[in-house]
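One structure below.
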Amino acid sequence: MKRKFTIKSLISIKKHSANLWQLLQKLTGVLYVVLGAWLIFTTITLVFASSQPNVDAFFVLGGSIRRETYVAQQAKQYPQTPILISHGSPDPCIWLIFQAELAGLQNVWLENCANSTFENFYYGIPILRRWGVHKVMLITSPSHLPRALWMAKILLGAHGIWVKSEIVQELGVPGNNESWPKTGLDVTRSLFWAILSQIIQPQCSNVTKLTDVDMQAWENRGFHCEHQGGLRR
C-alpha cells in the first residue's frame, strides 16, 4: 500500500507541475503581447511627438544656476510653455533670476524633493505626465553628460515623451562630477524604473509655484545664491 501511495503521489506531483508549467507559459505569452503592444504604442507616440514644431515643457536639472538663467531667457520667448526646475538653486535665487530677466513667473514650478539625477526623473516624470507633455526640452550642462541625456531618453521615452536637449556652459568648477561607474549604475537602474514607473507614480510633497515664493520670509531667514548667477540683492 505504501508503494502504491508513493506512485500516486508522484503522478499527482507531475500533473501539478505540468499544469503549473503550462500556466507559466500562458502568462509569459500574455506578457510578451502586452510588452509588444506597449512598445509599438510608445514608438508611435514618440514619432508623432518628435514631429511637433514646439516643445510642451522645459525641464531643468538642478546643478548650476546658469541653467536657470537660460530657462528664464527662454520664458520670455515662450511665456505659455510650462517650466519645471528639479531641485535647482534656492527658491529665492530663482525668483530673483526671473525678475532680473523680466520673465514671467506664472508657468514656473520648483520641485525640491530630488537629491540626485535619478531622482530628478523619479519625481519629475509624474509632474510632466500630469501636464500632458509629449515633447520636452531638457536643460543641463556639459559636465552632466552623457549620463543625464541617456537617462532622459530611457525614462522619458518610456512614457512617450520625446527629448530635446539644450546644453548650457558653466563657469568655474562644475556642479557635477561624472564617472563611468556612476553613469553605468544610473543607466542600469533607469532601465528597470522605465518599466516600474508605468504603474508607480511617486509624488513630491515639496513642489512650489514660483509666484508663491515668499521673498520677505526668505529675506528674514537669509539665503545665498551661486556666484555664477551674478545676482545683486
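Letters A, B, ... go to the chains of the C-alpha cells in the order shown; residues in each chain start at 1; ligands are counted from 1 in the same order.
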Identify, with DSSP run on backbone atoms, the residues in region 8-230 of chain A assigned to helix (DSSP H, G or I), and express the list as a ChimeraX atom specification.
/A:8-50,65-77,91-100,117-130,142-144,147-155,157-159,180-196,210-212,215-221,227-229
Would you kindly return, as a PDB file with N, CA and C atoms, in the first residue's frame, each protein, DNA or RNA residue with an atom no farther than 12 Å from any atom of Ile139 (chain A), considering only C-alpha atoms and excluding same-chain residues fewer than 6 positions away?
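The resulting file, out.pdb, is shown below:
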```pdb
ATOM      1  N   ALA A  57       7.178  71.560 -22.731  1.00  0.00           N
ATOM      2  CA  ALA A  57       7.653  71.998 -21.419  1.00  0.00           C
ATOM      3  C   ALA A  57       9.170  72.080 -21.428  1.00  0.00           C
ATOM      4  N   PHE A  58       9.700  72.902 -20.529  1.00  0.00           N
ATOM      5  CA  PHE A  58      11.133  72.946 -20.259  1.00  0.00           C
ATOM      6  C   PHE A  58      11.372  72.197 -18.949  1.00  0.00           C
ATOM      7  N   PHE A  59      12.362  71.317 -18.960  1.00  0.00           N
ATOM      8  CA  PHE A  59      12.695  70.518 -17.772  1.00  0.00           C
ATOM      9  C   PHE A  59      14.148  70.801 -17.418  1.00  0.00           C
ATOM     10  N   VAL A  60      14.358  71.499 -16.304  1.00  0.00           N
ATOM     11  CA  VAL A  60      15.696  71.932 -15.906  1.00  0.00           C
ATOM     12  C   VAL A  60      16.217  71.028 -14.789  1.00  0.00           C
ATOM     13  N   LEU A  61      17.373  70.416 -15.015  1.00  0.00           N
ATOM     14  CA  LEU A  61      18.014  69.613 -13.974  1.00  0.00           C
ATOM     15  C   LEU A  61      18.894  70.527 -13.129  1.00  0.00           C
ATOM     16  N   GLY A  62      18.700  70.502 -11.823  1.00  0.00           N
ATOM     17  CA  GLY A  62      19.476  71.353 -10.935  1.00  0.00           C
ATOM     18  C   GLY A  62      20.957  70.999 -10.953  1.00  0.00           C
ATOM     19  N   GLY A  63      21.790  71.969 -10.617  1.00  0.00           N
ATOM     20  CA  GLY A  63      23.232  71.720 -10.585  1.00  0.00           C
ATOM     21  C   GLY A  63      24.060  72.936 -10.933  1.00  0.00           C
ATOM     22  N   SER A  64      23.444  73.894 -11.603  1.00  0.00           N
ATOM     23  CA  SER A  64      24.141  75.128 -11.967  1.00  0.00           C
ATOM     24  C   SER A  64      23.116  76.229 -12.169  1.00  0.00           C
ATOM     25  N   ILE A  65      23.359  77.377 -11.565  1.00  0.00           N
ATOM     26  CA  ILE A  65      22.399  78.488 -11.655  1.00  0.00           C
ATOM     27  C   ILE A  65      22.306  79.039 -13.074  1.00  0.00           C
ATOM     28  N   ARG A  66      23.307  78.761 -13.895  1.00  0.00           N
ATOM     29  CA  ARG A  66      23.274  79.241 -15.281  1.00  0.00           C
ATOM     30  C   ARG A  66      22.178  78.531 -16.090  1.00  0.00           C
ATOM     31  N   ARG A  67      21.820  77.337 -15.690  1.00  0.00           N
ATOM     32  CA  ARG A  67      20.725  76.641 -16.362  1.00  0.00           C
ATOM     33  C   ARG A  67      19.406  77.383 -16.117  1.00  0.00           C
ATOM     34  N   GLU A  68      19.263  77.890 -14.914  1.00  0.00           N
ATOM     35  CA  GLU A  68      18.042  78.621 -14.573  1.00  0.00           C
ATOM     36  C   GLU A  68      18.016  79.992 -15.243  1.00  0.00           C
ATOM     37  N   THR A  69      19.173  80.592 -15.391  1.00  0.00           N
ATOM     38  CA  THR A  69      19.249  81.865 -16.134  1.00  0.00           C
ATOM     39  C   THR A  69      18.833  81.647 -17.580  1.00  0.00           C
ATOM     40  N   TYR A  70      19.304  80.540 -18.157  1.00  0.00           N
ATOM     41  CA  TYR A  70      18.974  80.229 -19.552  1.00  0.00           C
ATOM     42  C   TYR A  70      17.464  80.015 -19.714  1.00  0.00           C
ATOM     43  N   VAL A  71      16.864  79.237 -18.798  1.00  0.00           N
ATOM     44  CA  VAL A  71      15.433  78.955 -18.963  1.00  0.00           C
ATOM     45  C   VAL A  71      14.599  80.208 -18.707  1.00  0.00           C
ATOM     46  N   ALA A  72      15.083  81.136 -17.882  1.00  0.00           N
ATOM     47  CA  ALA A  72      14.374  82.402 -17.686  1.00  0.00           C
ATOM     48  C   ALA A  72      14.358  83.200 -18.986  1.00  0.00           C
ATOM     49  N   GLN A  74      14.458  81.838 -21.938  1.00  0.00           N
ATOM     50  CA  GLN A  74      13.514  81.131 -22.810  1.00  0.00           C
ATOM     51  C   GLN A  74      12.067  81.476 -22.439  1.00  0.00           C
ATOM     52  N   ILE A  83       7.444  75.419 -17.138  1.00  0.00           N
ATOM     53  CA  ILE A  83       8.838  75.143 -16.779  1.00  0.00           C
ATOM     54  C   ILE A  83       8.869  74.372 -15.465  1.00  0.00           C
ATOM     55  N   LEU A  84       9.593  73.270 -15.453  1.00  0.00           N
ATOM     56  CA  LEU A  84       9.794  72.505 -14.226  1.00  0.00           C
ATOM     57  C   LEU A  84      11.279  72.516 -13.908  1.00  0.00           C
ATOM     58  N   ILE A  85      11.640  73.063 -12.747  1.00  0.00           N
ATOM     59  CA  ILE A  85      13.033  73.097 -12.301  1.00  0.00           C
ATOM     60  C   ILE A  85      13.168  72.099 -11.158  1.00  0.00           C
ATOM     61  N   SER A  86      13.966  71.057 -11.384  1.00  0.00           N
ATOM     62  CA  SER A  86      14.095  69.975 -10.413  1.00  0.00           C
ATOM     63  C   SER A  86      15.292  70.205  -9.503  1.00  0.00           C
ATOM     64  N   GLY A  88      16.824  72.846  -8.121  1.00  0.00           N
ATOM     65  CA  GLY A  88      17.838  73.768  -8.602  1.00  0.00           C
ATOM     66  C   GLY A  88      18.368  74.637  -7.476  1.00  0.00           C
ATOM     67  N   ASN A 120      15.738  63.348 -10.096  1.00  0.00           N
ATOM     68  CA  ASN A 120      15.179  64.397 -10.958  1.00  0.00           C
ATOM     69  C   ASN A 120      14.077  63.809 -11.831  1.00  0.00           C
ATOM     70  N   LEU A 145      26.756  65.382 -18.816  1.00  0.00           N
ATOM     71  CA  LEU A 145      26.568  64.457 -19.937  1.00  0.00           C
ATOM     72  C   LEU A 145      27.656  63.382 -19.917  1.00  0.00           C
ATOM     73  N   ALA A 148      22.992  62.197 -18.031  1.00  0.00           N
ATOM     74  CA  ALA A 148      21.653  62.790 -17.933  1.00  0.00           C
ATOM     75  C   ALA A 148      20.844  62.576 -19.206  1.00  0.00           C
ATOM     76  N   LEU A 149      21.498  62.687 -20.355  1.00  0.00           N
ATOM     77  CA  LEU A 149      20.774  62.548 -21.622  1.00  0.00           C
ATOM     78  C   LEU A 149      20.348  61.106 -21.858  1.00  0.00           C
ATOM     79  N   ALA A 152      17.436  60.450 -19.618  1.00  0.00           N
ATOM     80  CA  ALA A 152      16.247  61.140 -20.118  1.00  0.00           C
ATOM     81  C   ALA A 152      15.603  60.358 -21.263  1.00  0.00           C
ATOM     82  N   VAL A 163      12.626  63.759 -26.249  1.00  0.00           N
ATOM     83  CA  VAL A 163      13.568  64.634 -25.548  1.00  0.00           C
ATOM     84  C   VAL A 163      14.447  65.410 -26.518  1.00  0.00           C
ATOM     85  N   LYS A 164      14.407  66.730 -26.375  1.00  0.00           N
ATOM     86  CA  LYS A 164      15.408  67.593 -26.989  1.00  0.00           C
ATOM     87  C   LYS A 164      16.289  68.093 -25.852  1.00  0.00           C
ATOM     88  N   SER A 165      17.516  68.436 -26.150  1.00  0.00           N
ATOM     89  CA  SER A 165      18.397  68.884 -25.075  1.00  0.00           C
ATOM     90  C   SER A 165      19.048  70.217 -25.421  1.00  0.00           C
ATOM     91  N   GLU A 166      19.279  71.003 -24.399  1.00  0.00           N
ATOM     92  CA  GLU A 166      19.986  72.260 -24.530  1.00  0.00           C
ATOM     93  C   GLU A 166      21.103  72.262 -23.496  1.00  0.00           C
ATOM     94  N   ILE A 167      22.334  72.420 -23.974  1.00  0.00           N
ATOM     95  CA  ILE A 167      23.499  72.348 -23.100  1.00  0.00           C
ATOM     96  C   ILE A 167      23.966  73.763 -22.759  1.00  0.00           C
ATOM     97  N   VAL A 168      23.964  74.072 -21.478  1.00  0.00           N
ATOM     98  CA  VAL A 168      24.334  75.409 -21.001  1.00  0.00           C
ATOM     99  C   VAL A 168      25.734  75.348 -20.397  1.00  0.00           C
ATOM    100  N   GLN A 169      26.624  76.160 -20.920  1.00  0.00           N
ATOM    101  CA  GLN A 169      28.007  76.168 -20.438  1.00  0.00           C
ATOM    102  C   GLN A 169      28.076  76.711 -19.012  1.00  0.00           C
TER     103      GLN A 169
END
```
Quick one: distance from CA of Gly184 (chain A) to CA of Val133 (chain A) in Å, one decimal?
27.4 Å
Shell of 9 Å around region 211-215 of chain A, only C-alpha atoms, local chain residues under 2 positions omitted, as an MDAnalysis selection string:
chainID A and resid 91:92 95 105:109 208:209 217:220
Any chance you could list, as a list in words, the residues in region 129-210 of chain A that come up strand (DSSP E) when DSSP is run on the backbone?
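Checking each residue of region 129-210 of chain A, the strand (DSSP E) ones are Lys135, Val136, Met137, Leu138, Ile139, Thr140, Trp162, Val163, Lys164, Ser165, Glu166, Ile167, Val207, Thr208 and Lys209 of chain A.
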Distance CA of Val30 (chain A)-CA of Gly160 (chain A), one decimal place?
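Spanning CA of Val30 (chain A) to CA of Gly160 (chain A) is a straight-line distance of 22.1 Å.
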Counting only C-alpha atoms, what is within 8 Å of Leu155 (chain A), bar same-chain residues fewer than 6 positions away, as a ChimeraX atom specification?
/A:121,190-191,193-194
Keeping only C-alpha atoms, take the residues you just selected and write them out as a compact mmCIF listing (two decimals), in the first residue's frame.
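Listing of out_9.txt after writing:
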```txt
# COMPACT_ATOMS: atom_id res chain seq x y z
CA PHE A 121 13.38 61.99 -13.28
CA SER A 190 16.82 53.65 -15.29
CA LEU A 191 16.09 50.61 -17.47
CA TRP A 193 12.49 52.07 -13.50
CA ALA A 194 11.32 52.69 -17.06
```
Set the distance at 10 Å and use only C-alpha atoms: which residues neighbour Cys225 (chain A) once local chain neighbours fewer than 5 positions away are removed? I'd like the list as a PyMOL selection string.
chain A and resi 65+89-94+96+230-232
Requested write-out: N, CA and C atoms of the selected residues, as a PDB file, in the first residue's frame:
```pdb
ATOM      1  N   ILE A  65      23.359  77.377 -11.565  1.00  0.00           N
ATOM      2  CA  ILE A  65      22.399  78.488 -11.655  1.00  0.00           C
ATOM      3  C   ILE A  65      22.306  79.039 -13.074  1.00  0.00           C
ATOM      4  N   SER A  89      18.611  75.891  -7.774  1.00  0.00           N
ATOM      5  CA  SER A  89      19.095  76.844  -6.783  1.00  0.00           C
ATOM      6  C   SER A  89      18.003  77.099  -5.745  1.00  0.00           C
ATOM      7  N   PRO A  90      18.347  77.726  -4.612  1.00  0.00           N
ATOM      8  CA  PRO A  90      17.314  78.086  -3.640  1.00  0.00           C
ATOM      9  C   PRO A  90      16.184  78.875  -4.304  1.00  0.00           C
ATOM     10  N   ASP A  91      14.969  78.661  -3.822  1.00  0.00           N
ATOM     11  CA  ASP A  91      13.788  79.289  -4.431  1.00  0.00           C
ATOM     12  C   ASP A  91      13.945  80.800  -4.633  1.00  0.00           C
ATOM     13  N   PRO A  92      14.435  81.550  -3.640  1.00  0.00           N
ATOM     14  CA  PRO A  92      14.534  82.999  -3.841  1.00  0.00           C
ATOM     15  C   PRO A  92      15.535  83.382  -4.919  1.00  0.00           C
ATOM     16  N   CYS A  93      16.565  82.557  -5.117  1.00  0.00           N
ATOM     17  CA  CYS A  93      17.550  82.844  -6.164  1.00  0.00           C
ATOM     18  C   CYS A  93      16.898  82.723  -7.540  1.00  0.00           C
ATOM     19  N   ILE A  94      16.077  81.690  -7.713  1.00  0.00           N
ATOM     20  CA  ILE A  94      15.379  81.513  -8.988  1.00  0.00           C
ATOM     21  C   ILE A  94      14.388  82.660  -9.197  1.00  0.00           C
ATOM     22  N   LEU A  96      14.703  85.705  -8.122  1.00  0.00           N
ATOM     23  CA  LEU A  96      15.493  86.881  -8.492  1.00  0.00           C
ATOM     24  C   LEU A  96      15.975  86.806  -9.936  1.00  0.00           C
ATOM     25  N   GLY A 230      25.347  85.995 -10.781  1.00  0.00           N
ATOM     26  CA  GLY A 230      25.588  87.435 -10.853  1.00  0.00           C
ATOM     27  C   GLY A 230      24.463  88.253 -10.257  1.00  0.00           C
ATOM     28  N   LEU A 231      23.819  87.714  -9.217  1.00  0.00           N
ATOM     29  CA  LEU A 231      22.662  88.397  -8.637  1.00  0.00           C
ATOM     30  C   LEU A 231      23.106  89.425  -7.603  1.00  0.00           C
ATOM     31  N   ARG A 232      22.371  90.493  -7.545  1.00  0.00           N
ATOM     32  CA  ARG A 232      22.593  91.533  -6.554  1.00  0.00           C
ATOM     33  C   ARG A 232      21.280  91.767  -5.819  1.00  0.00           C
TER      34      ARG A 232
END
```
Quick one: distance from CA of Val187 (chain A) to CA of Lys153 (chain A) in Å, one decimal?
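Distance between the two atoms: 10.2 Å.
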If we count only C-alpha atoms and set the cut-off at 9 Å, which residues sit around Gln203 (chain A), ignoring sequence neighbours fewer than 4 positions away in its own chain? Please answer as a count of residues only.
5
